[in-house]
Amino acid sequence: MRSFRQLSLGTFIFATCYCITHGKNDTSAEQSSVEASIPAEMKITSWNDMPFSGIVKENGTWVGKGYAFHLLELLSSKLNFTYTIVPPKHHVLGNSQQGILNLLYEKKVDMAVAFLPILPELRKYCTFSVTLEQSELTVLMKRPQESATGGLLAPFNETVWLLVLTAVISLGPIIYILAMFRRKLWNKPDSENYSLSSCVWFVYSCSLKQGSNMKATTDSTRILFATWWIFILILTSFYTANLTAFLTKPQFTLPINNVRDLMRKGYHWVTYKGRTLDFLLSQFYDAEDLRILNATRWKGPHIASYEHPIKDIFQTVGKKKVFLGEAHFLQSLIFEDYVNKTREYKEHKKRCTYVITPHALLATNKAFAFPLNSTLEKPFNKELLTLVESGIIQHEKLKNLPIAQICPLDLRSKERRLSLENLSLTFRVVIVGYAIAIVIFVVEIAIKWMANSNKRRKKIGKWYDRTSLCSRWKRRSKESVLPQLVYTTKNQLFDKRVNLQKINMRPPYPNFLHNVTKTKKHINGRDYYIVLDRYGDQRLIPIRTPSAFLFQYTA
């Protein structure tokens with residue numbers, strides 16, 4: 001038994017030593033084969049995309065900077081090679097004839113050391129390494145003065161406000177229709193005789209917690225009124241509580257959260273020419289987001305000055321104009337701008353002039369690129385995967401940025417005072433209300449003036465008719481002959497009226513002898529005819545006196 005154990009231990013030690021020896025030999029052999037496939041001096045290309053990559057000329061030699069060249073230095077020390085930089089003529093993605101893709105497609109370089117987007121359309125020009133990071137396209141804009149939540153409208157969203165407005169508009173006519181239907185159904189015209197305007201004003205006054213002179217006499221109307229009062233009580237309570245919370249602890253929001261907000265709110269955007277977004281739009285994609293971006297792009301010149309991007313970008317961003325770029329790059333710009341304004345001793349609020357949206361509009365993976373059918377892809381991918389998993393890229397990205405959030409949406413100022421932006425809606429409501437009242441007042445004056453003008457026109461017409469009647473009366477009285485009514489009989493008068501009607505003329509004197517009697521009466525020494533006038537009263541007409549001839553004009 002003891003000899004068996006010694007034999008087993010010796011076998012295990014021998015096997016272990018053999019594996020270690022041959023393993024080292026295999027590893028060294030593999031390493032030597034990898035080094036043999038990598039040239040001693042490589043030609044690489046890159047572009048200006050700081051802080052990820054950049055190339056500058058120092059003492060007549062191109063020198064690389066940024067995160068990509070930090071990874072390249074680690075690969076160079078591990079795989080034992082040197083490199084020379086071949087810059088592209090244009091710092092764009094390009095195609096088979098220009099840009100970085102042209103150098104890769106024609107195999108003028110061995111590798112592109114830059115964070116290039118991994119897109120299916122680019123695989124016909126080159127191949128990609130393992131994914132180094134995920135890039136997020138965000139929006140850089142000027143910090144708005146007020147939150148996009150709406151100020152005094154912030155407690156409720158748009159749907160709630162529309163429903164409240166619908167309830168206020170519809171309840172007045174509903175009350176009026178039910179009351180009118182009830183009166184006709186029960187045949188009681190005096191029961192709840194409301195007008196439409198009174199019902200509308202009742203609903204409006206109750207929404208503002210004001211009283212009303214409307215009195216409900218039926219149970220159904222009382223329940224309807226009570227339901228509206230309870231609704232207004234709950235609504236105003238929630239609004240007051242949420243408005244207090246909003247004013248004391250506001251949550252600042254931006255007007256742009258996605259691509260559709262750019263079109264809906266009339267924003268235009270600009271970005272670097274020939275980069276990821278510009279390349280995607282040139283491929284005529286049918287994606288809705290890309291179509292919206294293509295429709296809202298700024299029709300001016302693109303930014304192409306990569307050496308001094310901060311000045312160009314900040315001059316571009318303004319009212320209704322934004323810049324689309326990589327999130328980490330924009331954070332670096334804002335931090336640099338914040339440091340410069342801090343050194344100028346500006347106020348805290350004036351240091352954070354710009355802000356980026358918290359949500360990404362577009363996300364793409366980025367990696368190094370190799371020419372087609374390159375033998376360098378496999379050994380470099382193995383080493384790059386080790387570097388990515390070790391977190392070196394994330395460490396490099398966070399090394400130059402502060403731990404705290406740079407210029408957050410909510411600056412968290414210690415003093416909270418209501419500004420004009422918070423109460424701007426109140427002043428706008430007052431101005432609009434005064435304007436509507438003035439317009440209605442002018443309309444009322446115009447209606448009153450038109451009514452008075454119609455009355456004056458009618459009075460003038462009546463006065464004209466009277467004056468024309470008097471003139472006709474006087475003209476006819478002048479043309480008439482001396483009266484011969486002393487002994488005129490009823491038949492003669494009838495014949496005379498018929499003749500006047502035939503010539504469409506009014507008789508020059510009234511028909512007061514239609515009941516003339518033959519009876520004479522002697523009164524106070526004079527003879528009189530007894531005549532019944534048009535009203536049935538008896539009149540005395542003197543006979544053979546001067547007054548008898550003038551009676552026909554004074555009767």
# chains A, B, ... in the order shown; residues from 1 in each chain; ligands from 1
>>> closest_atom_pairs(of="stretch 84-149 of chain A", to="stretch 378-400 of chain A", cutoff="10 Å", atoms="only C-alpha atoms", output="JSON lines")
{"residue": "A:Phe128", "atom": "CA", "partner": "A:Asn381", "partner_atom": "CA", "distance": 9.2}
{"residue": "A:Ser129", "atom": "CA", "partner": "A:Asn381", "partner_atom": "CA", "distance": 5.7}
{"residue": "A:Val130", "atom": "CA", "partner": "A:Asn381", "partner_atom": "CA", "distance": 5.8}
{"residue": "A:Thr131", "atom": "CA", "partner": "A:Leu385", "partner_atom": "CA", "distance": 8.2}
{"residue": "A:Leu132", "atom": "CA", "partner": "A:Val388", "partner_atom": "CA", "distance": 6.3}
{"residue": "A:Glu133", "atom": "CA", "partner": "A:Ile393", "partner_atom": "CA", "distance": 8.0}
>>> select_by_dssp(residues="stretch 69-296 of chain A", states="strand (DSSP E)", output="list in words")
Thr82, Tyr83, Thr84, Ile85, Met111, Ala112, Val113, Ala114, Phe115, Leu116, Pro117, Thr127, Phe128, Glu133, Gln134, Ser135, Glu136, Leu137, Thr138, Val139, Leu140, Met141, Lys142, His268, Trp269 and Val270 of chain A
>>> write_last_selection(atoms="C-alpha atoms", output="short mmCIF file (atom, residue, chain, number, x, y, z; two decimals), in the first residue's frame")
data_model
loop_
_atom_site.label_atom_id
_atom_site.label_comp_id
_atom_site.auth_asym_id
_atom_site.auth_seq_id
_atom_site.Cartn_x
_atom_site.Cartn_y
_atom_site.Cartn_z
CA THR A 82 5.93 50.39 -33.69
CA TYR A 83 3.64 52.52 -35.80
CA THR A 84 3.50 55.56 -38.03
CA ILE A 85 0.41 57.69 -38.54
CA MET A 111 -5.49 49.59 -38.93
CA ALA A 112 -7.71 52.58 -38.07
CA VAL A 113 -7.13 53.59 -34.45
CA ALA A 114 -10.34 55.48 -33.80
CA PHE A 115 -13.72 54.86 -32.28
CA LEU A 116 -15.61 54.17 -35.52
CA PRO A 117 -19.31 53.23 -35.56
CA THR A 127 -13.87 44.84 -40.79
CA PHE A 128 -14.21 45.78 -37.13
CA GLU A 133 -17.81 51.05 -26.08
CA GLN A 134 -21.37 52.09 -26.77
CA SER A 135 -21.80 55.66 -27.93
CA GLU A 136 -24.99 57.63 -27.19
CA LEU A 137 -26.07 60.54 -29.35
CA THR A 138 -27.58 63.36 -27.25
CA VAL A 139 -28.59 67.00 -27.64
CA LEU A 140 -26.62 70.03 -26.49
CA MET A 141 -28.77 73.12 -26.00
CA LYS A 142 -28.87 76.36 -24.08
CA HIS A 268 -33.21 72.71 -35.89
CA TRP A 269 -30.03 70.73 -35.31
CA VAL A 270 -26.44 70.68 -36.56
#
>>> closest_residue(among="A:Asn102, A:Thr353, A:Thr316, A:Gln538", to="A:Gln145", atoms="only C-alpha atoms")
A:Thr353
>>> select_by_dssp(residues="stretch 43-150 of chain A", states="helix (DSSP H, G or I)", output="NGL selection string")
:A and (67-79 or 99-105 or 120-122)
>>> closest_residue(among="A:Leu293, A:Ile438, A:Leu330, A:Ile523", to="A:Ile541", atoms="only C-alpha atoms")
A:Ile523
>>> residues_around(residues="A:Arg291", least_positions_apart="4", cutoff="12 Å", atoms="only C-alpha atoms", output="ChimeraX atom specification")
/A:259-260,262-263,277,280-287,295-297
>>> write_last_selection(atoms="all heavy atoms", output="short mmCIF file (atom, residue, chain, number, x, y, z; two decimals), in the first residue's frame")
data_model
loop_
_atom_site.label_atom_id
_atom_site.label_comp_id
_atom_site.auth_asym_id
_atom_site.auth_seq_id
_atom_site.Cartn_x
_atom_site.Cartn_y
_atom_site.Cartn_z
N VAL A 259 -36.64 62.47 -30.51
CA VAL A 259 -36.50 63.06 -31.84
C VAL A 259 -37.77 63.79 -32.26
O VAL A 259 -37.72 64.83 -32.92
CB VAL A 259 -36.14 61.95 -32.85
CG1 VAL A 259 -36.09 62.50 -34.27
CG2 VAL A 259 -34.81 61.32 -32.49
N ARG A 260 -38.93 63.29 -31.86
CA ARG A 260 -40.20 63.91 -32.28
C ARG A 260 -40.35 65.31 -31.68
O ARG A 260 -41.02 66.16 -32.27
CB ARG A 260 -41.37 63.02 -31.86
CG ARG A 260 -41.39 61.69 -32.59
CD ARG A 260 -42.47 60.78 -32.07
NE ARG A 260 -42.45 59.48 -32.73
CZ ARG A 260 -41.65 58.48 -32.38
NH1 ARG A 260 -40.81 58.62 -31.37
NH2 ARG A 260 -41.68 57.33 -33.03
N LEU A 262 -38.11 67.52 -31.52
CA LEU A 262 -37.41 68.47 -32.40
C LEU A 262 -38.36 69.02 -33.45
O LEU A 262 -38.37 70.23 -33.72
CB LEU A 262 -36.22 67.78 -33.07
CG LEU A 262 -35.05 67.38 -32.17
CD1 LEU A 262 -34.03 66.58 -32.97
CD2 LEU A 262 -34.38 68.61 -31.57
N MET A 263 -39.16 68.16 -34.04
CA MET A 263 -40.09 68.61 -35.06
C MET A 263 -41.30 69.31 -34.45
O MET A 263 -41.75 70.35 -34.95
CB MET A 263 -40.54 67.43 -35.93
CG MET A 263 -41.61 67.76 -36.96
SD MET A 263 -42.08 66.36 -37.98
CE MET A 263 -40.62 66.20 -39.00
N LEU A 277 -23.95 60.38 -37.71
CA LEU A 277 -25.32 60.79 -38.04
C LEU A 277 -25.42 61.25 -39.49
O LEU A 277 -26.38 60.91 -40.20
CB LEU A 277 -25.77 61.89 -37.09
CG LEU A 277 -27.22 62.35 -37.24
CD1 LEU A 277 -28.17 61.20 -37.03
CD2 LEU A 277 -27.53 63.47 -36.24
N LEU A 280 -25.46 58.18 -41.70
CA LEU A 280 -26.74 57.46 -41.66
C LEU A 280 -27.80 58.16 -42.49
O LEU A 280 -28.58 57.52 -43.20
CB LEU A 280 -27.21 57.31 -40.21
CG LEU A 280 -26.42 56.35 -39.33
CD1 LEU A 280 -26.93 56.41 -37.90
CD2 LEU A 280 -26.51 54.92 -39.86
N LEU A 281 -27.85 59.48 -42.42
CA LEU A 281 -28.85 60.21 -43.19
C LEU A 281 -28.58 60.15 -44.69
O LEU A 281 -29.50 60.27 -45.50
CB LEU A 281 -28.89 61.67 -42.73
CG LEU A 281 -29.38 61.91 -41.30
CD1 LEU A 281 -29.31 63.38 -40.95
CD2 LEU A 281 -30.79 61.39 -41.12
N SER A 282 -27.31 59.96 -45.06
CA SER A 282 -26.99 59.87 -46.48
C SER A 282 -27.33 58.51 -47.08
O SER A 282 -27.28 58.35 -48.30
CB SER A 282 -25.50 60.15 -46.70
OG SER A 282 -24.70 59.14 -46.07
N GLN A 283 -27.69 57.53 -46.26
CA GLN A 283 -27.99 56.18 -46.74
C GLN A 283 -29.47 55.98 -47.05
O GLN A 283 -29.88 54.88 -47.38
CB GLN A 283 -27.54 55.14 -45.70
CG GLN A 283 -26.06 55.17 -45.43
CD GLN A 283 -25.24 54.90 -46.67
OE1 GLN A 283 -25.51 53.96 -47.42
NE2 GLN A 283 -24.21 55.71 -46.89
N PHE A 284 -30.29 57.04 -46.87
CA PHE A 284 -31.71 56.99 -47.22
C PHE A 284 -32.44 55.90 -46.45
O PHE A 284 -33.11 55.02 -47.02
CB PHE A 284 -31.92 56.80 -48.72
CG PHE A 284 -31.23 57.84 -49.55
CD1 PHE A 284 -30.04 57.54 -50.21
CD2 PHE A 284 -31.75 59.11 -49.66
CE1 PHE A 284 -29.39 58.49 -50.97
CE2 PHE A 284 -31.11 60.08 -50.43
CZ PHE A 284 -29.94 59.77 -51.07
N TYR A 285 -32.32 55.94 -45.15
CA TYR A 285 -33.03 54.99 -44.31
C TYR A 285 -34.52 55.33 -44.27
O TYR A 285 -34.91 56.49 -44.40
CB TYR A 285 -32.46 55.00 -42.88
CG TYR A 285 -31.21 54.18 -42.71
CD1 TYR A 285 -29.96 54.78 -42.73
CD2 TYR A 285 -31.26 52.81 -42.53
CE1 TYR A 285 -28.80 54.04 -42.58
CE2 TYR A 285 -30.12 52.05 -42.37
CZ TYR A 285 -28.89 52.67 -42.40
OH TYR A 285 -27.77 51.93 -42.24
N ASP A 286 -35.33 54.32 -44.04
CA ASP A 286 -36.78 54.53 -43.90
C ASP A 286 -37.22 54.64 -42.45
O ASP A 286 -38.41 54.70 -42.18
CB ASP A 286 -37.54 53.37 -44.57
CG ASP A 286 -37.36 53.38 -46.08
OD1 ASP A 286 -37.11 54.46 -46.63
OD2 ASP A 286 -37.45 52.29 -46.69
N ALA A 287 -36.26 54.64 -41.53
CA ALA A 287 -36.62 54.74 -40.11
C ALA A 287 -37.27 56.10 -39.85
O ALA A 287 -36.87 57.13 -40.39
CB ALA A 287 -35.39 54.55 -39.24
N ALA A 295 -35.62 65.99 -41.77
CA ALA A 295 -36.54 67.10 -42.05
C ALA A 295 -36.27 68.32 -41.18
O ALA A 295 -36.62 69.44 -41.56
CB ALA A 295 -37.99 66.63 -41.84
N THR A 296 -35.64 68.12 -40.03
CA THR A 296 -35.42 69.23 -39.10
C THR A 296 -33.98 69.70 -39.06
O THR A 296 -33.63 70.53 -38.22
CB THR A 296 -35.83 68.81 -37.67
OG1 THR A 296 -35.09 67.64 -37.29
CG2 THR A 296 -37.32 68.51 -37.60
N ARG A 297 -33.12 69.20 -39.95
CA ARG A 297 -31.72 69.57 -39.91
C ARG A 297 -31.57 71.02 -40.33
O ARG A 297 -32.36 71.58 -41.08
CB ARG A 297 -30.89 68.66 -40.80
CG ARG A 297 -31.18 68.80 -42.28
CD ARG A 297 -30.51 67.70 -43.09
NE ARG A 297 -29.11 67.63 -42.82
CZ ARG A 297 -28.32 66.67 -43.27
NH1 ARG A 297 -28.84 65.70 -44.01
NH2 ARG A 297 -27.03 66.67 -43.01
#
>>> closest_atom_pairs(of="stretch 321-423 of chain A", to="stretch 40-51 of chain A", cutoff="9 Å", atoms="only C-alpha atoms", output="CSV")
residue,atom,partner,partner_atom,distance
A:His328,CA,A:Pro51,CA,8.6
A:Phe329,CA,A:Pro51,CA,6.8
A:Ser332,CA,A:Pro51,CA,8.1
A:Lys397,CA,A:Pro51,CA,8.4
>>> write_last_selection(atoms="all heavy atoms", output="compact mmCIF listing (two decimals), in the first residue's frame")
# COMPACT_ATOMS: atom_id res chain seq x y z
N HIS A 328 -20.44 61.70 -24.02
CA HIS A 328 -19.20 61.93 -23.27
C HIS A 328 -18.45 63.15 -23.81
O HIS A 328 -17.89 63.94 -23.04
CB HIS A 328 -18.30 60.70 -23.35
CG HIS A 328 -16.99 60.86 -22.65
ND1 HIS A 328 -16.88 60.91 -21.28
CD2 HIS A 328 -15.72 61.02 -23.13
CE1 HIS A 328 -15.62 61.07 -20.93
NE2 HIS A 328 -14.89 61.14 -22.05
N PHE A 329 -18.47 63.34 -25.10
CA PHE A 329 -17.82 64.50 -25.71
C PHE A 329 -18.50 65.79 -25.27
O PHE A 329 -17.85 66.78 -24.93
CB PHE A 329 -17.85 64.34 -27.22
CG PHE A 329 -17.45 65.58 -27.97
CD1 PHE A 329 -16.17 66.09 -27.88
CD2 PHE A 329 -18.37 66.25 -28.77
CE1 PHE A 329 -15.79 67.22 -28.57
CE2 PHE A 329 -18.01 67.37 -29.46
CZ PHE A 329 -16.72 67.87 -29.36
N SER A 332 -17.63 66.69 -21.70
CA SER A 332 -16.30 67.29 -21.61
C SER A 332 -16.34 68.77 -22.00
O SER A 332 -15.69 69.61 -21.36
CB SER A 332 -15.32 66.54 -22.53
OG SER A 332 -15.27 65.17 -22.19
N LYS A 397 -12.14 57.36 -19.55
CA LYS A 397 -13.23 58.30 -19.80
C LYS A 397 -13.58 59.12 -18.56
O LYS A 397 -13.91 60.31 -18.66
CB LYS A 397 -14.47 57.55 -20.29
CG LYS A 397 -14.32 56.98 -21.69
CD LYS A 397 -15.52 56.15 -22.09
CE LYS A 397 -16.78 56.99 -22.15
NZ LYS A 397 -17.94 56.22 -22.64
>>> atom_distance(atom1="atom CA of A:His90", atom2="atom CA of A:Cys126")
17.7 Å
>>> residues_around(residues="A:Leu372", least_positions_apart="3", cutoff="10 Å", atoms="only C-alpha atoms", output="VMD selection string")
chain A and resid 104 to 107 123 to 128 369 375 377
>>> atom_distance(atom1="atom CA of A:Arg143", atom2="atom CA of A:Tyr354")
5.0 Å
>>> atom_distance(atom1="atom CA of A:Cys407", atom2="atom CA of A:Thr342")
12.4 Å
>>> residues_around(residues="stretch 203-213 of chain A", least_positions_apart="5", cutoff="7 Å", atoms="only C-alpha atoms", output="list in words")
Val168, Leu171, Gly172, Trp229 and Ile232 of chain A
>>> write_last_selection(atoms="all heavy atoms", output="short mmCIF file (atom, residue, chain, number, x, y, z; two decimals), in the first residue's frame")
data_model
loop_
_atom_site.label_atom_id
_atom_site.label_comp_id
_atom_site.auth_asym_id
_atom_site.auth_seq_id
_atom_site.Cartn_x
_atom_site.Cartn_y
_atom_site.Cartn_z
N VAL A 168 -66.12 71.46 -18.19
CA VAL A 168 -66.63 72.81 -17.96
C VAL A 168 -67.50 73.27 -19.12
O VAL A 168 -68.55 73.90 -18.94
CB VAL A 168 -65.46 73.79 -17.73
CG1 VAL A 168 -65.94 75.22 -17.68
CG2 VAL A 168 -64.73 73.44 -16.44
N LEU A 171 -71.00 70.73 -19.35
CA LEU A 171 -71.98 70.57 -18.28
C LEU A 171 -73.07 71.64 -18.35
O LEU A 171 -74.24 71.34 -18.06
CB LEU A 171 -71.27 70.62 -16.92
CG LEU A 171 -72.18 70.31 -15.72
CD1 LEU A 171 -72.74 68.90 -15.83
CD2 LEU A 171 -71.43 70.47 -14.41
N GLY A 172 -72.74 72.87 -18.72
CA GLY A 172 -73.76 73.92 -18.83
C GLY A 172 -74.86 73.56 -19.81
O GLY A 172 -76.05 73.59 -19.47
N TRP A 229 -70.14 70.10 -7.66
CA TRP A 229 -69.45 70.73 -6.53
C TRP A 229 -68.38 69.79 -5.94
O TRP A 229 -67.28 70.23 -5.59
CB TRP A 229 -70.47 71.11 -5.45
CG TRP A 229 -71.32 72.29 -5.83
CD1 TRP A 229 -70.98 73.30 -6.67
CD2 TRP A 229 -72.67 72.54 -5.39
NE1 TRP A 229 -72.02 74.19 -6.79
CE2 TRP A 229 -73.08 73.76 -6.02
CE3 TRP A 229 -73.57 71.89 -4.57
CZ2 TRP A 229 -74.33 74.32 -5.81
CZ3 TRP A 229 -74.80 72.45 -4.36
CH2 TRP A 229 -75.18 73.65 -4.96
N ILE A 232 -65.39 69.69 -8.31
CA ILE A 232 -64.57 70.90 -8.21
C ILE A 232 -63.77 70.90 -6.92
O ILE A 232 -62.60 71.31 -6.88
CB ILE A 232 -65.46 72.15 -8.32
CG1 ILE A 232 -66.05 72.24 -9.73
CG2 ILE A 232 -64.68 73.40 -7.99
CD1 ILE A 232 -65.00 72.35 -10.82
#
>>> residues_around(residues="A:Asn242", least_positions_apart="5", cutoff="9 Å", atoms="only C-alpha atoms", output="NGL selection string")
:A and (154-156 or 237 or 247)
>>> write_last_selection(atoms="C-alpha atoms", output="mmCIF file, in the first residue's frame")
data_model
loop_
_atom_site.group_PDB
_atom_site.id
_atom_site.type_symbol
_atom_site.label_atom_id
_atom_site.label_comp_id
_atom_site.auth_asym_id
_atom_site.auth_seq_id
_atom_site.Cartn_x
_atom_site.Cartn_y
_atom_site.Cartn_z
ATOM 1 C CA ALA A 154 -47.469 71.729 -14.011
ATOM 2 C CA PRO A 155 -49.768 69.941 -11.493
ATOM 3 C CA PHE A 156 -51.756 68.267 -14.301
ATOM 4 C CA SER A 237 -57.583 70.317 -3.642
ATOM 5 C CA LEU A 247 -43.126 75.636 -6.351
#
